[in-house]
>>> print(open('final_10.cif').read())   # mmCIF, C-alpha atoms and all ligand atoms
data_upload
loop_
_atom_site.label_atom_id
_atom_site.label_comp_id
_atom_site.auth_asym_id
_atom_site.auth_seq_id
_atom_site.Cartn_x
_atom_site.Cartn_y
_atom_site.Cartn_z
CA MET A 106 4.38 3.84 -42.07
CA ALA A 107 3.83 7.59 -41.64
CA ALA A 108 4.62 9.31 -38.33
CA LYS A 109 0.99 10.26 -37.75
CA ASP A 110 -0.04 6.60 -37.90
CA ILE A 111 2.23 5.54 -35.08
CA ILE A 112 1.54 8.16 -32.41
CA ALA A 113 0.15 6.12 -29.57
CA GLY A 114 -3.02 8.10 -28.66
CA VAL A 115 -5.21 7.00 -25.77
CA PRO A 116 -4.29 3.49 -24.60
CA ARG A 117 -7.21 1.09 -24.88
CA HIS A 118 -5.74 -1.43 -22.47
CA VAL A 119 -3.71 -0.36 -19.42
CA ALA A 120 -2.26 -2.98 -17.07
CA ILE A 121 -0.78 -2.16 -13.68
CA ILE A 122 1.71 -4.00 -11.47
CA MET A 123 0.48 -2.64 -8.15
CA ASP A 124 3.68 -2.80 -6.12
CA GLY A 125 4.88 -1.19 -2.89
CA ASN A 126 2.11 -1.88 -0.38
CA GLY A 127 4.52 -3.53 2.05
CA ARG A 128 7.05 -0.68 1.97
CA TRP A 129 4.25 1.87 2.29
CA ALA A 130 3.23 0.24 5.59
CA THR A 131 6.63 -0.68 7.06
CA SER A 132 8.00 2.83 6.46
CA ARG A 133 5.27 3.98 8.86
CA GLY A 134 5.96 1.21 11.36
CA TRP A 135 2.73 -0.60 10.46
CA PRO A 136 2.10 -4.26 9.52
CA ARG A 137 2.32 -5.06 5.79
CA LEU A 138 -1.39 -5.94 5.72
CA VAL A 139 -2.29 -2.33 6.48
CA GLY A 140 -0.50 -1.46 3.24
CA HIS A 141 -2.51 -4.07 1.35
CA ARG A 142 -5.74 -2.64 2.75
CA ARG A 143 -4.75 0.84 1.64
CA GLY A 144 -3.77 -0.65 -1.70
CA ALA A 145 -7.31 -1.97 -2.15
CA GLU A 146 -8.63 1.53 -1.50
CA ALA A 147 -6.33 2.91 -4.19
CA VAL A 148 -7.82 0.35 -6.59
CA ARG A 149 -11.29 1.84 -6.03
CA GLY A 150 -10.15 5.31 -7.08
CA ILE A 151 -8.32 4.08 -10.19
CA VAL A 152 -11.23 1.89 -11.33
CA GLU A 153 -13.61 4.82 -10.93
CA ALA A 154 -11.37 7.18 -12.88
CA ALA A 155 -10.43 4.81 -15.71
CA PRO A 156 -13.46 5.22 -18.02
CA GLY A 157 -13.21 9.02 -17.84
CA LEU A 158 -9.58 8.75 -18.96
CA GLY A 159 -10.60 6.78 -22.04
CA ILE A 160 -9.43 3.38 -20.77
CA ARG A 161 -11.62 0.46 -21.93
CA TYR A 162 -9.55 -2.38 -20.47
CA LEU A 163 -7.83 -2.20 -17.10
CA THR A 164 -5.86 -5.17 -15.80
CA LEU A 165 -4.49 -5.25 -12.26
CA TYR A 166 -1.80 -7.61 -10.96
CA ALA A 167 -2.91 -8.47 -7.43
CA PHE A 168 -1.18 -11.77 -6.56
CA SER A 169 1.50 -13.64 -8.47
CA THR A 170 2.24 -17.36 -8.59
CA GLU A 171 5.40 -16.47 -6.63
CA ASN A 172 3.56 -14.56 -3.88
CA TRP A 173 2.73 -17.87 -2.12
CA LYS A 174 6.29 -17.65 -0.78
CA ARG A 175 5.13 -14.98 1.69
CA SER A 176 4.09 -15.69 5.28
CA THR A 177 0.82 -17.55 5.84
CA GLU A 178 -0.49 -14.49 7.64
CA GLU A 179 0.17 -12.22 4.66
CA VAL A 180 -1.22 -14.71 2.12
CA ILE A 181 -4.42 -15.28 4.12
CA GLY A 182 -4.73 -11.54 4.72
CA LEU A 183 -4.48 -10.84 0.98
CA MET A 184 -7.05 -13.52 0.13
CA THR A 185 -9.41 -11.99 2.70
CA ILE A 186 -8.94 -8.57 1.11
CA PHE A 187 -9.77 -10.00 -2.34
CA ALA A 188 -12.95 -11.62 -1.00
CA ARG A 189 -14.01 -8.42 0.77
CA TYR A 190 -13.28 -6.33 -2.30
CA ILE A 191 -15.55 -8.53 -4.42
CA GLN A 192 -18.33 -8.45 -1.82
CA SER A 193 -18.19 -4.73 -1.14
CA GLU A 194 -17.77 -3.63 -4.79
CA ALA A 195 -20.18 -6.05 -6.48
CA GLN A 196 -23.16 -3.69 -6.47
CA ARG A 197 -21.20 -0.62 -7.49
CA LEU A 198 -19.29 -2.36 -10.27
CA SER A 199 -22.43 -3.83 -11.78
CA ASP A 200 -24.29 -0.50 -11.53
CA GLU A 201 -21.42 1.40 -13.10
CA GLY A 202 -21.09 -0.87 -16.12
CA VAL A 203 -17.86 -2.57 -15.14
CA ARG A 204 -17.27 -6.12 -16.31
CA LEU A 205 -15.00 -7.89 -13.84
CA ARG A 206 -12.95 -10.92 -14.81
CA PHE A 207 -10.05 -12.82 -13.28
CA ILE A 208 -6.95 -14.36 -14.77
CA GLY A 209 -4.62 -16.86 -13.14
CA GLY A 210 -4.96 -20.43 -11.93
CA ARG A 211 -8.02 -20.85 -9.71
CA GLU A 212 -7.70 -24.37 -8.31
CA ARG A 213 -5.20 -23.34 -5.63
CA LEU A 214 -7.54 -20.65 -4.27
CA ASP A 215 -9.98 -21.11 -1.42
CA ARG A 216 -13.32 -22.59 -2.59
CA LYS A 217 -15.31 -19.68 -1.18
CA LEU A 218 -13.14 -17.15 -3.00
CA GLN A 219 -13.49 -19.15 -6.21
CA LYS A 220 -17.28 -18.98 -5.81
CA LEU A 221 -17.24 -15.22 -5.24
CA MET A 222 -15.06 -14.77 -8.32
CA ALA A 223 -17.33 -16.86 -10.54
CA GLY A 224 -20.38 -15.09 -9.13
CA ILE A 225 -19.24 -11.57 -9.89
CA GLU A 226 -17.98 -12.60 -13.34
CA ARG A 227 -21.46 -13.90 -14.11
CA ARG A 228 -23.20 -10.91 -12.56
CA THR A 229 -21.20 -8.35 -14.53
CA SER A 230 -20.89 -10.33 -17.77
CA GLY A 231 -23.29 -8.03 -19.64
CA ASN A 232 -21.33 -4.87 -18.82
CA ASP A 233 -19.16 -3.13 -21.37
CA LEU A 234 -18.09 0.32 -20.13
CA LEU A 235 -14.88 -0.89 -18.49
CA HIS A 236 -13.37 -4.36 -18.71
CA LEU A 237 -11.63 -4.81 -15.39
CA THR A 238 -9.42 -7.87 -15.05
CA VAL A 239 -7.75 -8.83 -11.79
CA ALA A 240 -4.80 -11.21 -11.86
CA ILE A 241 -4.84 -13.55 -8.85
CA ASN A 242 -2.42 -16.49 -8.61
CA TYR A 243 -1.28 -15.29 -12.02
CA GLY A 244 2.10 -15.94 -13.58
CA GLY A 245 2.96 -15.50 -17.25
CA ARG A 246 4.92 -18.77 -17.34
CA ASP A 247 2.15 -20.67 -15.58
CA GLU A 248 -0.40 -19.30 -18.06
CA LEU A 249 1.77 -20.27 -21.04
CA MET A 250 2.35 -23.73 -19.58
CA ARG A 251 -1.39 -24.25 -19.06
CA ALA A 252 -2.08 -23.13 -22.63
CA ALA A 253 0.57 -25.52 -23.97
CA ARG A 254 -0.96 -28.34 -21.93
CA ARG A 255 -4.41 -27.60 -23.37
CA LEU A 256 -3.06 -27.65 -26.91
CA ALA A 257 -1.27 -30.94 -26.22
CA GLU A 258 -4.46 -32.47 -24.81
CA GLU A 259 -6.45 -31.40 -27.87
CA VAL A 260 -3.81 -32.86 -30.19
CA ALA A 261 -3.69 -36.12 -28.18
CA ALA A 262 -7.49 -36.37 -28.37
CA GLY A 263 -7.32 -35.97 -32.16
CA ARG A 264 -9.24 -32.69 -32.08
CA LEU A 265 -6.35 -30.48 -33.20
CA ASP A 266 -3.79 -30.79 -35.98
CA PRO A 267 -0.33 -29.67 -34.73
CA GLY A 268 0.12 -27.82 -38.04
CA ALA A 269 -2.88 -25.63 -37.11
CA ILE A 270 -1.15 -24.25 -34.00
CA ASP A 271 -0.42 -20.64 -34.90
CA GLU A 272 -0.20 -17.47 -32.77
CA ALA A 273 -3.97 -17.04 -32.79
CA ALA A 274 -4.53 -20.65 -31.66
CA PHE A 275 -2.04 -20.15 -28.84
CA ALA A 276 -3.52 -16.80 -27.74
CA ALA A 277 -7.00 -18.38 -27.72
CA ARG A 278 -5.88 -20.81 -24.99
CA LEU A 279 -4.48 -18.09 -22.70
CA ASP A 280 -6.46 -16.70 -19.75
CA THR A 281 -6.58 -13.40 -21.65
CA SER A 282 -8.26 -14.87 -24.76
CA ASP A 283 -11.03 -12.26 -24.53
CA LEU A 284 -8.73 -9.25 -24.04
CA PRO A 285 -6.65 -7.15 -26.42
CA ASP A 286 -2.91 -7.00 -25.69
CA PRO A 287 -1.99 -4.27 -23.17
CA ASP A 288 -0.88 -1.01 -24.77
CA LEU A 289 0.74 0.20 -21.58
CA VAL A 290 2.02 -1.53 -18.45
CA ILE A 291 2.63 0.67 -15.41
CA ARG A 292 4.64 -0.52 -12.39
CA THR A 293 4.67 1.42 -9.16
CA SER A 294 7.25 1.39 -6.32
CA GLY A 295 10.40 2.01 -8.35
CA GLU A 296 11.16 -1.59 -9.33
CA THR A 297 11.95 -1.91 -13.02
CA ARG A 298 11.05 -5.54 -13.71
CA ILE A 299 7.94 -7.31 -14.94
CA SER A 300 7.83 -10.13 -12.35
CA ASN A 301 6.16 -12.71 -14.60
CA PHE A 302 3.31 -10.44 -15.75
CA LEU A 303 1.63 -10.90 -19.16
CA LEU A 304 4.74 -12.35 -20.84
CA TRP A 305 3.10 -13.32 -24.13
CA GLN A 306 0.76 -10.33 -24.29
CA SER A 307 3.45 -7.68 -23.70
CA ALA A 308 5.50 -8.37 -26.83
CA TYR A 309 4.95 -4.77 -28.01
CA THR A 310 3.69 -3.12 -24.84
CA GLU A 311 5.00 0.25 -23.69
CA TYR A 312 6.24 0.46 -20.08
CA GLU A 313 6.10 3.20 -17.46
CA PHE A 314 7.80 2.94 -14.09
CA THR A 315 7.02 5.28 -11.22
CA ASP A 316 8.59 5.51 -7.75
CA THR A 317 5.16 6.12 -6.17
CA LEU A 318 4.14 3.29 -3.83
CA TRP A 319 0.82 1.73 -4.87
CA PRO A 320 -1.32 3.07 -1.94
CA ASP A 321 -0.24 6.60 -2.93
CA PHE A 322 -1.01 6.17 -6.64
CA THR A 323 -3.77 8.57 -7.70
CA PRO A 324 -5.97 9.14 -10.76
CA ALA A 325 -4.01 12.40 -11.30
CA GLU A 326 -0.75 10.48 -11.65
CA LEU A 327 -2.43 7.99 -13.96
CA ALA A 328 -3.65 10.90 -16.11
CA ALA A 329 -0.12 12.32 -16.27
CA ILE A 330 1.30 8.93 -17.32
CA LEU A 331 -1.36 8.62 -20.02
CA ALA A 332 -0.50 12.08 -21.35
CA ARG A 333 3.16 11.03 -21.69
CA TYR A 334 2.16 7.76 -23.31
CA GLN A 335 0.10 9.55 -25.95
CA ARG A 336 3.19 11.21 -27.37
CA ARG A 337 5.07 7.95 -27.80
CA GLU A 338 5.67 6.41 -31.20
CA ARG A 339 4.77 2.76 -31.57
CA ARG A 340 6.34 1.04 -34.55
CA PHE A 341 5.62 -2.66 -34.06
CA GLY A 342 8.75 -3.45 -36.06
CA GLY A 343 7.81 -1.19 -38.99
CA ALA A 344 9.92 1.67 -40.38
CA LEU A 345 9.09 5.36 -40.64
CA THR A 346 8.58 6.57 -44.20
CA ALA A 347 8.36 10.34 -43.98
C1 LIG B 401 2.30 -5.38 -3.92
O1 LIG B 401 2.94 -4.86 -2.81
C2 LIG B 401 1.17 -6.30 -3.57
C3 LIG B 401 1.49 -7.73 -3.79
C4 LIG B 401 2.53 -8.21 -4.39
C5 LIG B 401 0.52 -8.68 -3.30
P1 LIG B 401 4.10 -5.66 -2.06
O2 LIG B 401 3.49 -6.44 -0.97
O3 LIG B 401 4.93 -6.42 -3.01
O4 LIG B 401 4.92 -4.44 -1.45
P2 LIG B 401 6.49 -4.32 -1.32
O5 LIG B 401 7.08 -4.53 -2.68
O6 LIG B 401 6.92 -5.40 -0.36
O7 LIG B 401 6.71 -2.95 -0.82
C1 LIG B 402 4.67 -8.26 -8.38
O1 LIG B 402 5.13 -7.72 -7.20
C2 LIG B 402 3.37 -8.95 -8.18
C3 LIG B 402 2.24 -8.09 -7.83
C4 LIG B 402 2.23 -6.80 -7.79
C5 LIG B 402 1.04 -8.80 -7.53
P1 LIG B 402 6.18 -8.49 -6.26
O2 LIG B 402 6.46 -7.58 -5.13
O3 LIG B 402 5.69 -9.84 -5.96
O4 LIG B 402 7.44 -8.64 -7.24
P2 LIG B 402 8.99 -8.83 -6.92
O5 LIG B 402 9.10 -9.97 -5.97
O6 LIG B 402 9.48 -7.56 -6.31
O7 LIG B 402 9.61 -9.09 -8.25
MG MG B 403 6.60 -5.96 -4.06
#
>>> encode(input="final_10.cif", output="structure tokens")
Amino acid sequence: MAAKDIIAGVPRHVAIIMDGNGRWATSRGWPRLVGHRRGAEAVRGIVEAAPGLGIRYLTLYAFSTENWKRSTEEVIGLMTIFARYIQSEAQRLSDEGVRLRFIGGRERLDRKLQKLMAGIERRTSGNDLLHLTVAINYGGRDELMRAARRLAEEVAAGRLDPGAIDEAAFAARLDTSDLPDPDLVIRTSGETRISNFLLWQSAYTEYEFTDTLWPDFTPAELAAILARYQRRERRFGGALTA
């Protein structure tokens, strides 16, 4: 493996753990939901900038399987923000060539929200400029468990030979079956943990952590992170030859 072959270049798939909305608001004496609303505005700017930065796949962690532990007010407020985002962005996303998809378990979500999600997925399914994926009620362990259950059901039904279960068969049953693995995961707000995000898919992902709180995250900071990423060496377990 020669050095020139392992320089990272432009990341095709960037995933972001959008953290720090609550602290952004409480530090100003405002309710946490104000931070979430500002967070949704930050999403608009990043989605708009992504194609110009060479990103083809952008995945955003919006609500984890553990976020149900928050107050009812905050959970309902977040779900309302997701519904409004879909409604207000639908036209723009479809006009701009963005394909929007969701990952995470859907059955626990409000029926109306589920309908909006399915509707915009259908409406943007022909788009190819930017593949935007939003993770709602997503947890890496939950996704792996659901994939394992699917495999077990197929084996039990006699449709799958256990010997045929390889990495590709497993990946094909994940919510991300249509997406490449993330090249880069960014987490805002200064926390240096992955909080159950893309556990299988991040086996060889590069990480960047920034202290910026999500509502303050700008396309300029994203561009600076991408410039740093491009100089990284990715070895995937291989060894440098010369
Ligand atoms: C991220 O911001 C958004 C969600 C997890 C839904 P937080 O709400 O976690 O903000 P902090 O971490 O409390 O500041
Ligand atoms: C991770 O943030 C989940 C999202 C950004 C949606 P959290 O704020 O929920 O993570 P922890 O609790 O600090 O690990
Ligand atoms: Mg947080």
>>> residues_near_ligand(input="final_10.cif", ligand="ligand LIG 402 (chain B)", cutoff="10 Å", atoms="only C-alpha atoms and all ligand atoms", output="ChimeraX atom specification")
/A:121-128,165-175,239-244,292-302,319
>>> closest_atom_pairs(input="final_10.cif", of="stretch 158-232 of chain A", to="stretch 110-118 of chain A", cutoff="10 Å", atoms="only C-alpha atoms", output="JSON lines")
{"residue": "A:Leu158", "atom": "CA", "partner": "A:Val115", "partner_atom": "CA", "distance": 8.3}
{"residue": "A:Gly159", "atom": "CA", "partner": "A:Val115", "partner_atom": "CA", "distance": 6.6}
{"residue": "A:Ile160", "atom": "CA", "partner": "A:Arg117", "partner_atom": "CA", "distance": 5.2}
{"residue": "A:Arg161", "atom": "CA", "partner": "A:Arg117", "partner_atom": "CA", "distance": 5.3}
{"residue": "A:Tyr162", "atom": "CA", "partner": "A:His118", "partner_atom": "CA", "distance": 4.4}
{"residue": "A:Leu163", "atom": "CA", "partner": "A:His118", "partner_atom": "CA", "distance": 5.8}
{"residue": "A:Thr164", "atom": "CA", "partner": "A:His118", "partner_atom": "CA", "distance": 7.6}
>>> closest_residue(input="final_10.cif", among="A:Ala308, A:Leu218, A:Ile330, A:Leu318", to="ligand MG 403 (chain B)", atoms="all atoms listed in the file")
A:Leu318
>>> closest_residue(input="final_10.cif", among="A:Glu311, A:Glu179, A:Glu153, A:Glu258", to="ligand LIG 401 (chain B)", atoms="all atoms listed in the file")
A:Glu179
>>> closest_atom_pairs(input="final_10.cif", of="stretch 140-239 of chain A", to="stretch 274-289 of chain A", cutoff="10 Å", atoms="all atoms listed in the file", output="Markdown table")
| residue | atom | partner | partner_atom | distance |
| --- | --- | --- | --- | --- |
| A:Tyr162 | CA | A:Leu284 | CA | 7.8 |
| A:Leu163 | CA | A:Pro287 | CA | 8.7 |
| A:Thr164 | CA | A:Pro287 | CA | 8.4 |
| A:Arg206 | CA | A:Thr281 | CA | 9.7 |
| A:Phe207 | CA | A:Asp280 | CA | 8.4 |
| A:Ile208 | CA | A:Asp280 | CA | 5.5 |
| A:Gly209 | CA | A:Asp280 | CA | 6.9 |
| A:Gly210 | CA | A:Asp280 | CA | 8.8 |
| A:His236 | CA | A:Leu284 | CA | 8.6 |
| A:Thr238 | CA | A:Thr281 | CA | 9.1 |
>>> write_last_selection(input="final_10.cif", atoms="C-alpha atoms", output="short mmCIF file (atom, residue, chain, number, x, y, z; two decimals), in the coordinates of the input")
data_model
loop_
_atom_site.label_atom_id
_atom_site.label_comp_id
_atom_site.auth_asym_id
_atom_site.auth_seq_id
_atom_site.Cartn_x
_atom_site.Cartn_y
_atom_site.Cartn_z
CA TYR A 162 -9.55 -2.38 -20.47
CA LEU A 163 -7.83 -2.20 -17.10
CA THR A 164 -5.86 -5.17 -15.80
CA ARG A 206 -12.95 -10.92 -14.81
CA PHE A 207 -10.05 -12.82 -13.28
CA ILE A 208 -6.95 -14.36 -14.77
CA GLY A 209 -4.62 -16.86 -13.14
CA GLY A 210 -4.96 -20.43 -11.93
CA HIS A 236 -13.37 -4.36 -18.71
CA THR A 238 -9.42 -7.87 -15.05
#
>>> atom_distance(input="final_10.cif", atom1="atom CA of A:Gly202", atom2="atom CA of A:Arg228")
10.9 Å
>>> atom_distance(input="final_10.cif", atom1="atom CA of A:Glu178", atom2="atom C3 of ligand LIG 401 (chain B)")
13.4 Å
>>> closest_residue(input="final_10.cif", among="A:Arg197, A:Arg339, A:Arg143, A:Lys109", to="ligand LIG 401 (chain B)", atoms="all atoms listed in the file")
A:Arg143
>>> build_atoms(input="final_10.cif", residues="stretch 301-327 of chain A", atoms="N, CA, C and O atoms", output="mmCIF file, in the coordinates of the input")
data_model
loop_
_atom_site.group_PDB
_atom_site.id
_atom_site.type_symbol
_atom_site.label_atom_id
_atom_site.label_comp_id
_atom_site.auth_asym_id
_atom_site.auth_seq_id
_atom_site.Cartn_x
_atom_site.Cartn_y
_atom_site.Cartn_z
ATOM 1 N N ASN A 301 7.020 -11.630 -14.096
ATOM 2 C CA ASN A 301 6.160 -12.710 -14.600
ATOM 3 C C ASN A 301 4.751 -12.248 -15.010
ATOM 4 O O ASN A 301 3.808 -13.027 -15.003
ATOM 5 N N PHE A 302 4.620 -10.989 -15.388
ATOM 6 C CA PHE A 302 3.310 -10.440 -15.750
ATOM 7 C C PHE A 302 3.122 -10.421 -17.263
ATOM 8 O O PHE A 302 3.952 -9.858 -17.981
ATOM 9 N N LEU A 303 2.044 -10.993 -17.759
ATOM 10 C CA LEU A 303 1.630 -10.900 -19.160
ATOM 11 C C LEU A 303 2.790 -11.071 -20.153
ATOM 12 O O LEU A 303 3.002 -10.218 -21.023
ATOM 13 N N LEU A 304 3.529 -12.171 -20.025
ATOM 14 C CA LEU A 304 4.740 -12.350 -20.840
ATOM 15 C C LEU A 304 4.433 -12.423 -22.335
ATOM 16 O O LEU A 304 5.095 -11.778 -23.139
ATOM 17 N N TRP A 305 3.450 -13.183 -22.705
ATOM 18 C CA TRP A 305 3.100 -13.320 -24.130
ATOM 19 C C TRP A 305 2.483 -12.021 -24.648
ATOM 20 O O TRP A 305 2.823 -11.537 -25.723
ATOM 21 N N GLN A 306 1.591 -11.455 -23.846
ATOM 22 C CA GLN A 306 0.760 -10.330 -24.290
ATOM 23 C C GLN A 306 1.543 -9.027 -24.393
ATOM 24 O O GLN A 306 1.086 -8.072 -25.021
ATOM 25 N N SER A 307 2.705 -8.943 -23.756
ATOM 26 C CA SER A 307 3.450 -7.680 -23.700
ATOM 27 C C SER A 307 4.534 -7.561 -24.764
ATOM 28 O O SER A 307 5.420 -6.714 -24.640
ATOM 29 N N ALA A 308 4.444 -8.376 -25.808
ATOM 30 C CA ALA A 308 5.500 -8.370 -26.830
ATOM 31 C C ALA A 308 5.784 -6.956 -27.339
ATOM 32 O O ALA A 308 6.940 -6.593 -27.566
ATOM 33 N N TYR A 309 4.741 -6.137 -27.510
ATOM 34 C CA TYR A 309 4.950 -4.770 -28.010
ATOM 35 C C TYR A 309 4.368 -3.703 -27.095
ATOM 36 O O TYR A 309 4.041 -2.600 -27.514
ATOM 37 N N THR A 310 4.257 -4.054 -25.815
ATOM 38 C CA THR A 310 3.690 -3.120 -24.840
ATOM 39 C C THR A 310 4.687 -2.018 -24.482
ATOM 40 O O THR A 310 5.891 -2.255 -24.450
ATOM 41 N N GLU A 311 4.175 -0.839 -24.214
ATOM 42 C CA GLU A 311 5.000 0.250 -23.690
ATOM 43 C C GLU A 311 5.012 0.145 -22.162
ATOM 44 O O GLU A 311 4.024 -0.278 -21.561
ATOM 45 N N TYR A 312 6.117 0.555 -21.552
ATOM 46 C CA TYR A 312 6.240 0.460 -20.080
ATOM 47 C C TYR A 312 6.420 1.833 -19.456
ATOM 48 O O TYR A 312 7.060 2.712 -20.042
ATOM 49 N N GLU A 313 5.864 1.997 -18.276
ATOM 50 C CA GLU A 313 6.100 3.200 -17.460
ATOM 51 C C GLU A 313 6.393 2.736 -16.040
ATOM 52 O O GLU A 313 5.668 1.907 -15.492
ATOM 53 N N PHE A 314 7.447 3.272 -15.462
ATOM 54 C CA PHE A 314 7.800 2.940 -14.090
ATOM 55 C C PHE A 314 7.745 4.208 -13.254
ATOM 56 O O PHE A 314 8.262 5.246 -13.669
ATOM 57 N N THR A 315 7.094 4.124 -12.106
ATOM 58 C CA THR A 315 7.020 5.280 -11.220
ATOM 59 C C THR A 315 7.473 4.875 -9.822
ATOM 60 O O THR A 315 7.240 3.733 -9.394
ATOM 61 N N ASP A 316 8.121 5.800 -9.113
ATOM 62 C CA ASP A 316 8.590 5.510 -7.750
ATOM 63 C C ASP A 316 7.453 5.498 -6.736
ATOM 64 O O ASP A 316 7.614 5.019 -5.613
ATOM 65 N N THR A 317 6.299 6.056 -7.101
ATOM 66 C CA THR A 317 5.160 6.120 -6.170
ATOM 67 C C THR A 317 4.817 4.721 -5.671
ATOM 68 O O THR A 317 4.743 3.775 -6.450
ATOM 69 N N LEU A 318 4.589 4.574 -4.374
ATOM 70 C CA LEU A 318 4.140 3.290 -3.830
ATOM 71 C C LEU A 318 2.649 3.148 -4.123
ATOM 72 O O LEU A 318 1.910 4.142 -4.109
ATOM 73 N N TRP A 319 2.194 1.908 -4.381
ATOM 74 C CA TRP A 319 0.820 1.730 -4.870
ATOM 75 C C TRP A 319 -0.259 2.452 -4.025
ATOM 76 O O TRP A 319 -1.131 3.124 -4.585
ATOM 77 N N PRO A 320 -0.229 2.399 -2.678
ATOM 78 C CA PRO A 320 -1.320 3.070 -1.940
ATOM 79 C C PRO A 320 -1.371 4.582 -2.194
ATOM 80 O O PRO A 320 -2.416 5.211 -1.970
ATOM 81 N N ASP A 321 -0.271 5.158 -2.661
ATOM 82 C CA ASP A 321 -0.240 6.600 -2.930
ATOM 83 C C ASP A 321 -0.547 6.942 -4.385
ATOM 84 O O ASP A 321 -0.529 8.111 -4.774
ATOM 85 N N PHE A 322 -0.792 5.933 -5.210
ATOM 86 C CA PHE A 322 -1.010 6.170 -6.640
ATOM 87 C C PHE A 322 -2.406 6.760 -6.844
ATOM 88 O O PHE A 322 -3.389 6.213 -6.359
ATOM 89 N N THR A 323 -2.488 7.872 -7.551
ATOM 90 C CA THR A 323 -3.770 8.570 -7.700
ATOM 91 C C THR A 323 -4.218 8.638 -9.170
ATOM 92 O O THR A 323 -3.397 8.508 -10.082
ATOM 93 N N PRO A 324 -5.499 8.905 -9.400
ATOM 94 C CA PRO A 324 -5.970 9.140 -10.760
ATOM 95 C C PRO A 324 -5.196 10.271 -11.447
ATOM 96 O O PRO A 324 -4.970 10.224 -12.657
ATOM 97 N N ALA A 325 -4.765 11.297 -10.683
ATOM 98 C CA ALA A 325 -4.010 12.400 -11.300
ATOM 99 C C ALA A 325 -2.679 11.900 -11.855
ATOM 100 O O ALA A 325 -2.262 12.289 -12.960
ATOM 101 N N GLU A 326 -2.014 11.006 -11.122
ATOM 102 C CA GLU A 326 -0.750 10.480 -11.650
ATOM 103 C C GLU A 326 -1.003 9.585 -12.862
ATOM 104 O O GLU A 326 -0.248 9.624 -13.842
ATOM 105 N N LEU A 327 -2.089 8.821 -12.797
ATOM 106 C CA LEU A 327 -2.430 7.990 -13.960
ATOM 107 C C LEU A 327 -2.665 8.884 -15.182
ATOM 108 O O LEU A 327 -2.166 8.600 -16.280
#
